[in-house]
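Participant: Next comes the structure file my_file.txt, holding compact mmCIF, N, CA and C atoms.
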# COMPACT_ATOMS: atom_id res chain seq x y z
N MET A 319 61.65 -79.62 -58.08
CA MET A 319 60.79 -79.37 -56.94
C MET A 319 59.78 -80.49 -56.76
N VAL A 320 59.30 -81.03 -57.87
CA VAL A 320 58.33 -82.12 -57.80
C VAL A 320 58.99 -83.37 -57.22
N ILE A 321 60.23 -83.60 -57.57
CA ILE A 321 60.94 -84.77 -57.06
C ILE A 321 61.12 -84.65 -55.55
N LEU A 322 61.46 -83.47 -55.08
CA LEU A 322 61.61 -83.25 -53.64
C LEU A 322 60.29 -83.46 -52.91
N GLN A 323 59.21 -83.01 -53.52
CA GLN A 323 57.89 -83.20 -52.91
C GLN A 323 57.54 -84.68 -52.82
N GLU A 324 57.85 -85.45 -53.85
CA GLU A 324 57.59 -86.89 -53.83
C GLU A 324 58.44 -87.59 -52.78
N ILE A 325 59.69 -87.19 -52.64
CA ILE A 325 60.57 -87.78 -51.63
C ILE A 325 60.02 -87.51 -50.24
N ILE A 326 59.61 -86.28 -49.99
CA ILE A 326 59.04 -85.94 -48.69
C ILE A 326 57.75 -86.72 -48.45
N HIS A 327 56.95 -86.90 -49.48
CA HIS A 327 55.70 -87.65 -49.35
C HIS A 327 55.99 -89.11 -48.97
N TYR A 328 56.97 -89.73 -49.61
CA TYR A 328 57.29 -91.12 -49.29
C TYR A 328 57.91 -91.25 -47.90
N ILE A 329 58.69 -90.28 -47.48
CA ILE A 329 59.23 -90.29 -46.12
C ILE A 329 58.09 -90.19 -45.11
N TYR A 330 57.12 -89.33 -45.41
CA TYR A 330 55.94 -89.18 -44.55
C TYR A 330 55.16 -90.49 -44.46
N LEU A 331 54.97 -91.16 -45.58
CA LEU A 331 54.26 -92.44 -45.56
C LEU A 331 55.04 -93.49 -44.78
N ALA A 332 56.35 -93.51 -44.94
CA ALA A 332 57.17 -94.48 -44.20
C ALA A 332 57.10 -94.21 -42.70
N MET A 333 57.14 -92.94 -42.31
CA MET A 333 57.04 -92.61 -40.89
C MET A 333 55.67 -92.99 -40.34
N SER A 334 54.62 -92.76 -41.10
CA SER A 334 53.28 -93.13 -40.65
C SER A 334 53.17 -94.64 -40.47
N GLY A 335 53.70 -95.39 -41.42
CA GLY A 335 53.68 -96.84 -41.29
C GLY A 335 54.50 -97.32 -40.11
N PHE A 336 55.65 -96.71 -39.89
CA PHE A 336 56.51 -97.09 -38.78
C PHE A 336 55.82 -96.86 -37.44
N PHE A 337 55.26 -95.67 -37.25
CA PHE A 337 54.59 -95.37 -35.99
C PHE A 337 53.32 -96.19 -35.82
N GLY A 338 52.64 -96.48 -36.91
CA GLY A 338 51.48 -97.36 -36.83
C GLY A 338 51.86 -98.76 -36.38
N LEU A 339 52.96 -99.27 -36.92
CA LEU A 339 53.43 -100.60 -36.50
C LEU A 339 53.86 -100.60 -35.04
N LEU A 340 54.47 -99.52 -34.59
CA LEU A 340 54.84 -99.43 -33.17
C LEU A 340 53.60 -99.47 -32.28
N LEU A 341 52.55 -98.78 -32.68
CA LEU A 341 51.32 -98.79 -31.89
C LEU A 341 50.67 -100.16 -31.89
N VAL A 342 50.66 -100.83 -33.04
CA VAL A 342 50.07 -102.18 -33.10
C VAL A 342 50.88 -103.14 -32.25
N ARG A 343 52.20 -103.02 -32.30
CA ARG A 343 53.04 -103.89 -31.47
C ARG A 343 52.77 -103.65 -29.99
N ALA A 344 52.63 -102.39 -29.61
CA ALA A 344 52.34 -102.06 -28.21
C ALA A 344 50.97 -102.59 -27.80
N LEU A 345 50.05 -102.65 -28.74
CA LEU A 345 48.72 -103.17 -28.44
C LEU A 345 48.77 -104.64 -28.06
N PHE A 346 49.56 -105.42 -28.77
CA PHE A 346 49.59 -106.86 -28.52
C PHE A 346 50.63 -107.30 -27.50
N LYS A 347 51.62 -106.47 -27.19
CA LYS A 347 52.67 -106.88 -26.27
C LYS A 347 52.50 -106.32 -24.87
N ARG A 348 51.44 -105.61 -24.60
CA ARG A 348 51.30 -105.01 -23.26
C ARG A 348 50.85 -106.05 -22.25
N THR A 349 51.30 -105.88 -21.03
CA THR A 349 50.95 -106.82 -19.97
C THR A 349 50.05 -106.18 -18.93
N THR A 350 50.04 -104.86 -18.87
CA THR A 350 49.16 -104.16 -17.94
C THR A 350 48.03 -103.51 -18.73
N ARG A 351 46.95 -103.23 -18.07
CA ARG A 351 45.79 -102.56 -18.67
C ARG A 351 45.29 -103.30 -19.91
N THR A 352 44.91 -104.52 -19.72
CA THR A 352 44.43 -105.34 -20.84
C THR A 352 42.91 -105.29 -20.95
N ASN A 353 42.33 -104.17 -20.64
CA ASN A 353 40.89 -104.01 -20.66
C ASN A 353 40.42 -103.69 -22.08
N LEU A 354 39.14 -103.91 -22.35
CA LEU A 354 38.57 -103.63 -23.66
C LEU A 354 38.62 -102.15 -23.99
N VAL A 355 38.49 -101.31 -22.99
CA VAL A 355 38.53 -99.86 -23.22
C VAL A 355 39.89 -99.45 -23.79
N TYR A 356 40.96 -100.02 -23.28
CA TYR A 356 42.29 -99.70 -23.79
C TYR A 356 42.48 -100.24 -25.20
N ASP A 357 41.86 -101.37 -25.52
CA ASP A 357 41.91 -101.88 -26.89
C ASP A 357 41.26 -100.89 -27.85
N ILE A 358 40.14 -100.32 -27.45
CA ILE A 358 39.45 -99.36 -28.30
C ILE A 358 40.29 -98.09 -28.47
N VAL A 359 40.92 -97.64 -27.39
CA VAL A 359 41.76 -96.44 -27.47
C VAL A 359 42.95 -96.69 -28.40
N TYR A 360 43.60 -97.84 -28.29
CA TYR A 360 44.71 -98.16 -29.18
C TYR A 360 44.24 -98.24 -30.63
N ALA A 361 43.11 -98.87 -30.86
CA ALA A 361 42.59 -98.97 -32.23
C ALA A 361 42.28 -97.58 -32.79
N TYR A 362 41.72 -96.72 -31.95
CA TYR A 362 41.41 -95.36 -32.38
C TYR A 362 42.68 -94.58 -32.71
N ALA A 363 43.75 -94.86 -31.99
CA ALA A 363 45.02 -94.18 -32.26
C ALA A 363 45.72 -94.74 -33.49
N VAL A 364 45.52 -96.02 -33.80
CA VAL A 364 46.19 -96.65 -34.92
C VAL A 364 45.52 -96.30 -36.25
N ILE A 365 44.23 -96.06 -36.25
CA ILE A 365 43.48 -95.86 -37.50
C ILE A 365 44.07 -94.75 -38.39
N PRO A 366 44.38 -93.55 -37.89
CA PRO A 366 44.94 -92.53 -38.79
C PRO A 366 46.27 -92.95 -39.43
N PHE A 367 47.13 -93.61 -38.66
CA PHE A 367 48.41 -94.06 -39.21
C PHE A 367 48.19 -95.12 -40.28
N LEU A 368 47.27 -96.02 -40.04
CA LEU A 368 46.97 -97.07 -41.01
C LEU A 368 46.39 -96.48 -42.29
N LEU A 369 45.48 -95.55 -42.17
CA LEU A 369 44.89 -94.93 -43.36
C LEU A 369 45.92 -94.16 -44.16
N ARG A 370 46.83 -93.48 -43.49
CA ARG A 370 47.87 -92.74 -44.21
C ARG A 370 48.84 -93.68 -44.90
N ALA A 371 49.20 -94.76 -44.23
CA ALA A 371 50.14 -95.71 -44.82
C ALA A 371 49.53 -96.41 -46.03
N LEU A 372 48.21 -96.61 -46.01
CA LEU A 372 47.53 -97.24 -47.15
C LEU A 372 47.07 -96.23 -48.19
N ARG A 373 47.38 -94.96 -47.96
CA ARG A 373 47.04 -93.85 -48.86
C ARG A 373 45.54 -93.70 -49.06
N ILE A 374 44.77 -94.01 -48.05
CA ILE A 374 43.32 -93.83 -48.13
C ILE A 374 42.96 -92.43 -47.68
N ARG A 375 43.69 -91.91 -46.77
CA ARG A 375 43.40 -90.56 -46.26
C ARG A 375 44.61 -89.70 -46.38
Please render this file's structure as structure tokens.

Facilitator:
Amino acid sequence: MVILQEIIHYIYLAMSGFFGLLLVRALFKRTTRTNLVYDIVYAYAVIPFLLRALRIR
């Protein structure tokens, strides 16, 4: 049971990192809405994924 829990935990971390990278890529590759407000919104959305991938939160 512990092994299954660890596998699920690592899958969760991989998914968090993957979605975080997708958000960061979208932040730098967008051509519309390049305002500072949208930068802040993207950064606010990326922070939880980054913290989970780094195992801080």

Participant: Tell me, in Å to one decimal, how far atom CA of Leu369 of chain A is from atom CA of Phe346 of chain A.

Facilitator: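 So the two atoms, atom CA of Leu369 of chain A and atom CA of Phe346 of chain A, lie 19.6 Å apart.
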
Participant: Quick one: residues within 12 Å of Gly338 of chain A, only C-alpha atoms counted, chain neighbours fewer than 5 positions away excluded, as a list in words?

Facilitator: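 Within the cut-off, the hits are Leu331, Ala332, Met333, Arg343, Ala344, Leu345, Tyr360, Ala361, Tyr362, Ala363, Val364, Ile365, Pro366, Phe367, Leu368, Leu369, Arg370, Ala371 and Leu372 of chain A.
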
Participant: I need the helix (DSSP H, G or I) residues of chain A per DSSP on the backbone, written as a ChimeraX atom specification.

Facilitator: /A:320-347,354-371

Participant: Could you please determine the separation between atom C of Ile358 of chain A and atom CA of His327 of chain A in Å, to one decimal place?

Facilitator: 28.0 Å

Participant: For the atom pair atom CA of Leu341 of chain A and atom N of Tyr356 of chain A, what is the interatomic distance in Å to one decimal place?

Facilitator: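 Between atom CA of Leu341 of chain A and atom N of Tyr356 of chain A the gap works out to 13.5 Å.
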